[in-house]
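First up is the structure itself, then whatever we jot down about it.
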Amino acid sequence: MSDTVATRKQIKIKSGVVKRYQKELELYRKEVTDGTAKLESLKVSGGDDWDTRNAASLVRESENMVRDTGTRLEKATGELEDLLNSAKRNTELAEDEELREAEATLAAARSS
């Protein structure tokens, strides 16, 4: 029984990690879009050189965070998938609600 409780807890934790990384990835993608638009606006309007360089730096930093968060999301998704595959073999967890929610989270992460 203790093993089942521990597995449920791990499913909940890893599912939360995947959700958090999905939100972070979405936020960083939005930052890249917004930053790129601001940078283009500064270039067109002939903005201050410092402002333009700073905006370009922020866009590069956000792009790096998109790559980093994407990598972390892939790793967390793989870990969650492995955990779910092993949990499905446990008859006590096979029809568990948290397992179903984690599978939905996994499906959403795979589609993004």
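By convention in this document, the chains of the structure tokens carry letters A, B, ... by their order, each chain's residues are numbered from 1, and ligands are numbered from 1 in the order they are shown.
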
If we count only C-alpha atoms, what is near A:Leu42 at a cut-off of 12 Å, once residues fewer than 3 positions away on the same chain are taken out, given as a list in words?
Gly35, Thr36, Ala37, Lys38, Leu39, Ser45, Gly46, Gly47, Asp48, Asp49, Trp50, Asp51, Thr52, Arg53, Asn54, Ala55 and Ala56 of chain A

Print the selection's residues with all heavy atoms to a file, as a compact mmCIF listing (two decimals), in the first residue's frame.
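The file below, part_4.txt, is the result:
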```txt
# COMPACT_ATOMS: atom_id res chain seq x y z
N GLY A 35 8.91 40.92 -27.73
CA GLY A 35 10.23 41.55 -27.82
C GLY A 35 10.65 41.80 -29.26
O GLY A 35 11.24 42.85 -29.57
N THR A 36 10.34 40.86 -30.13
CA THR A 36 10.68 41.01 -31.54
C THR A 36 9.89 42.17 -32.14
O THR A 36 10.44 42.98 -32.90
CB THR A 36 10.39 39.71 -32.32
OG1 THR A 36 11.15 38.65 -31.72
CG2 THR A 36 10.77 39.84 -33.77
N ALA A 37 8.63 42.27 -31.78
CA ALA A 37 7.81 43.38 -32.27
C ALA A 37 8.36 44.72 -31.77
O ALA A 37 8.45 45.69 -32.53
CB ALA A 37 6.36 43.21 -31.82
N LYS A 38 8.76 44.78 -30.51
CA LYS A 38 9.32 46.00 -29.95
C LYS A 38 10.64 46.35 -30.64
O LYS A 38 10.89 47.52 -30.96
CB LYS A 38 9.54 45.85 -28.45
CG LYS A 38 10.09 47.09 -27.80
CD LYS A 38 10.28 46.92 -26.30
CE LYS A 38 10.87 48.19 -25.71
NZ LYS A 38 11.08 48.07 -24.28
N LEU A 39 11.47 45.35 -30.88
CA LEU A 39 12.75 45.58 -31.54
C LEU A 39 12.54 46.13 -32.95
O LEU A 39 13.21 47.09 -33.36
CB LEU A 39 13.56 44.28 -31.59
CG LEU A 39 14.92 44.33 -32.27
CD1 LEU A 39 15.83 45.33 -31.57
CD2 LEU A 39 15.55 42.95 -32.29
N SER A 45 11.55 53.15 -36.09
CA SER A 45 11.43 54.53 -35.62
C SER A 45 12.79 55.18 -35.39
O SER A 45 12.85 56.36 -35.05
CB SER A 45 10.61 54.57 -34.33
OG SER A 45 11.34 53.97 -33.27
N GLY A 46 13.85 54.41 -35.56
CA GLY A 46 15.19 54.97 -35.35
C GLY A 46 15.44 55.29 -33.90
O GLY A 46 16.00 56.33 -33.56
N GLY A 47 15.02 54.38 -33.03
CA GLY A 47 15.17 54.57 -31.59
C GLY A 47 16.63 54.65 -31.17
O GLY A 47 17.55 54.41 -31.96
N ASP A 48 16.83 55.00 -29.94
CA ASP A 48 18.16 55.11 -29.36
C ASP A 48 18.93 53.81 -29.53
O ASP A 48 18.37 52.71 -29.41
CB ASP A 48 18.02 55.46 -27.88
CG ASP A 48 19.34 55.74 -27.21
OD1 ASP A 48 20.20 56.38 -27.84
OD2 ASP A 48 19.52 55.30 -26.05
N ASP A 49 20.22 53.91 -29.80
CA ASP A 49 21.06 52.73 -30.03
C ASP A 49 21.07 51.80 -28.82
O ASP A 49 20.99 50.58 -28.95
CB ASP A 49 22.48 53.17 -30.38
CG ASP A 49 23.35 52.03 -30.84
OD1 ASP A 49 22.86 51.20 -31.63
OD2 ASP A 49 24.53 51.96 -30.40
N TRP A 50 21.13 52.38 -27.62
CA TRP A 50 21.14 51.56 -26.41
C TRP A 50 19.83 50.79 -26.28
O TRP A 50 19.83 49.60 -25.93
CB TRP A 50 21.35 52.45 -25.18
CG TRP A 50 21.41 51.65 -23.91
CD1 TRP A 50 22.51 51.07 -23.36
CD2 TRP A 50 20.31 51.32 -23.05
NE1 TRP A 50 22.18 50.39 -22.21
CE2 TRP A 50 20.83 50.52 -22.00
CE3 TRP A 50 18.95 51.58 -23.07
CZ2 TRP A 50 20.03 50.03 -20.98
CZ3 TRP A 50 18.16 51.07 -22.05
CH2 TRP A 50 18.70 50.32 -21.02
N ASP A 51 18.70 51.45 -26.54
CA ASP A 51 17.40 50.79 -26.46
C ASP A 51 17.31 49.63 -27.44
O ASP A 51 16.79 48.56 -27.11
CB ASP A 51 16.27 51.79 -26.74
CG ASP A 51 16.08 52.77 -25.60
OD1 ASP A 51 16.45 52.45 -24.46
OD2 ASP A 51 15.54 53.88 -25.86
N THR A 52 17.82 49.84 -28.65
CA THR A 52 17.77 48.80 -29.67
C THR A 52 18.63 47.60 -29.27
O THR A 52 18.19 46.45 -29.37
CB THR A 52 18.25 49.36 -31.03
OG1 THR A 52 17.47 50.50 -31.36
CG2 THR A 52 18.13 48.33 -32.13
N ARG A 53 19.84 47.87 -28.79
CA ARG A 53 20.72 46.77 -28.36
C ARG A 53 20.13 46.04 -27.17
O ARG A 53 20.19 44.81 -27.08
CB ARG A 53 22.11 47.30 -28.01
CG ARG A 53 22.96 47.63 -29.22
CD ARG A 53 24.31 48.03 -28.78
NE ARG A 53 24.10 49.16 -27.86
CZ ARG A 53 25.01 49.94 -27.37
NH1 ARG A 53 26.25 49.76 -27.67
NH2 ARG A 53 24.72 50.93 -26.56
N ASN A 54 19.53 46.78 -26.25
CA ASN A 54 18.92 46.16 -25.07
C ASN A 54 17.74 45.29 -25.47
O ASN A 54 17.57 44.17 -24.96
CB ASN A 54 18.49 47.25 -24.08
CG ASN A 54 18.09 46.68 -22.75
OD1 ASN A 54 18.74 45.78 -22.24
ND2 ASN A 54 17.01 47.19 -22.19
N ALA A 55 16.91 45.78 -26.38
CA ALA A 55 15.76 45.00 -26.85
C ALA A 55 16.23 43.72 -27.55
O ALA A 55 15.66 42.65 -27.36
CB ALA A 55 14.88 45.83 -27.77
N ALA A 56 17.30 43.84 -28.35
CA ALA A 56 17.85 42.66 -29.04
C ALA A 56 18.39 41.65 -28.03
O ALA A 56 18.21 40.44 -28.19
CB ALA A 56 18.94 43.08 -30.02
```

Counting only C-alpha atoms, give me one row per residue of stretch 37-103 of chain A with an atom at most 8 Å from an atom of stretch 20-24 of chain A, showing the shortest contact pair and its distance in Å to one decimal, sorted by chain then residue number, as a Markdown table.
```
| residue | atom | partner | partner_atom | distance |
| --- | --- | --- | --- | --- |
| A:Thr69 | CA | A:Tyr21 | CA | 6.5 |
| A:Gly70 | CA | A:Tyr21 | CA | 7.9 |
| A:Arg72 | CA | A:Tyr21 | CA | 7.3 |
| A:Leu73 | CA | A:Tyr21 | CA | 5.6 |
```

Sort by chain and increasing residue number a table of all residues of stretch 15-72 of chain A within 10 Å of stretch 79-98 of chain A, each with its closest pair of atoms and their distance in Å to one decimal, counting only C-alpha atoms, and write it as a Markdown table.
```
| residue | atom | partner | partner_atom | distance |
| --- | --- | --- | --- | --- |
| A:Ser15 | CA | A:Leu80 | CA | 6.7 |
| A:Gly16 | CA | A:Leu80 | CA | 10.0 |
| A:Val17 | CA | A:Leu80 | CA | 9.2 |
| A:Val18 | CA | A:Leu80 | CA | 8.0 |
```

Deliver the residues from the most recent selection as a file, using N, CA, C and O atoms, as an mmCIF file, in the first residue's frame.
```cif
data_model
loop_
_atom_site.group_PDB
_atom_site.id
_atom_site.type_symbol
_atom_site.label_atom_id
_atom_site.label_comp_id
_atom_site.auth_asym_id
_atom_site.auth_seq_id
_atom_site.Cartn_x
_atom_site.Cartn_y
_atom_site.Cartn_z
ATOM 1 N N SER A 15 3.441 15.478 -12.707
ATOM 2 C CA SER A 15 2.395 16.113 -13.509
ATOM 3 C C SER A 15 2.424 17.631 -13.305
ATOM 4 O O SER A 15 2.300 18.395 -14.261
ATOM 5 N N GLY A 16 2.608 18.060 -12.077
ATOM 6 C CA GLY A 16 2.717 19.485 -11.775
ATOM 7 C C GLY A 16 3.928 20.124 -12.430
ATOM 8 O O GLY A 16 3.862 21.265 -12.909
ATOM 9 N N VAL A 17 5.030 19.392 -12.464
ATOM 10 C CA VAL A 17 6.246 19.897 -13.115
ATOM 11 C C VAL A 17 5.995 20.114 -14.604
ATOM 12 O O VAL A 17 6.354 21.151 -15.167
ATOM 13 N N VAL A 18 5.355 19.148 -15.235
ATOM 14 C CA VAL A 18 5.065 19.265 -16.669
ATOM 15 C C VAL A 18 4.151 20.464 -16.926
ATOM 16 O O VAL A 18 4.392 21.247 -17.851
#
```

My list of candidates is A:Thr4, A:Thr105, A:Thr33, A:Gln10. Which is closest to A:Glu63 when distances are computed with only C-alpha atoms?
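Result for the nearest residue to A:Glu63: A:Thr33.
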
So, with only C-alpha atoms as the atoms that count, which of A:Asp3, A:Glu101, A:Glu26, A:Asp34 lies closest to A:Val66?
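For A:Val66, the nearest of the given residues is A:Glu26.
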
What does the distance between atom CA of A:Ile13 and atom CA of A:Glu31 come to in Å, to one decimal place?
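One can read the atom CA of A:Ile13 to atom CA of A:Glu31 distance as 27.0 Å.
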
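Comparing A:Arg29, A:Arg110, A:Arg8, A:Lys19 by their smallest distance to A:Asp68, the closest is A:Arg29 (using only C-alpha atoms).
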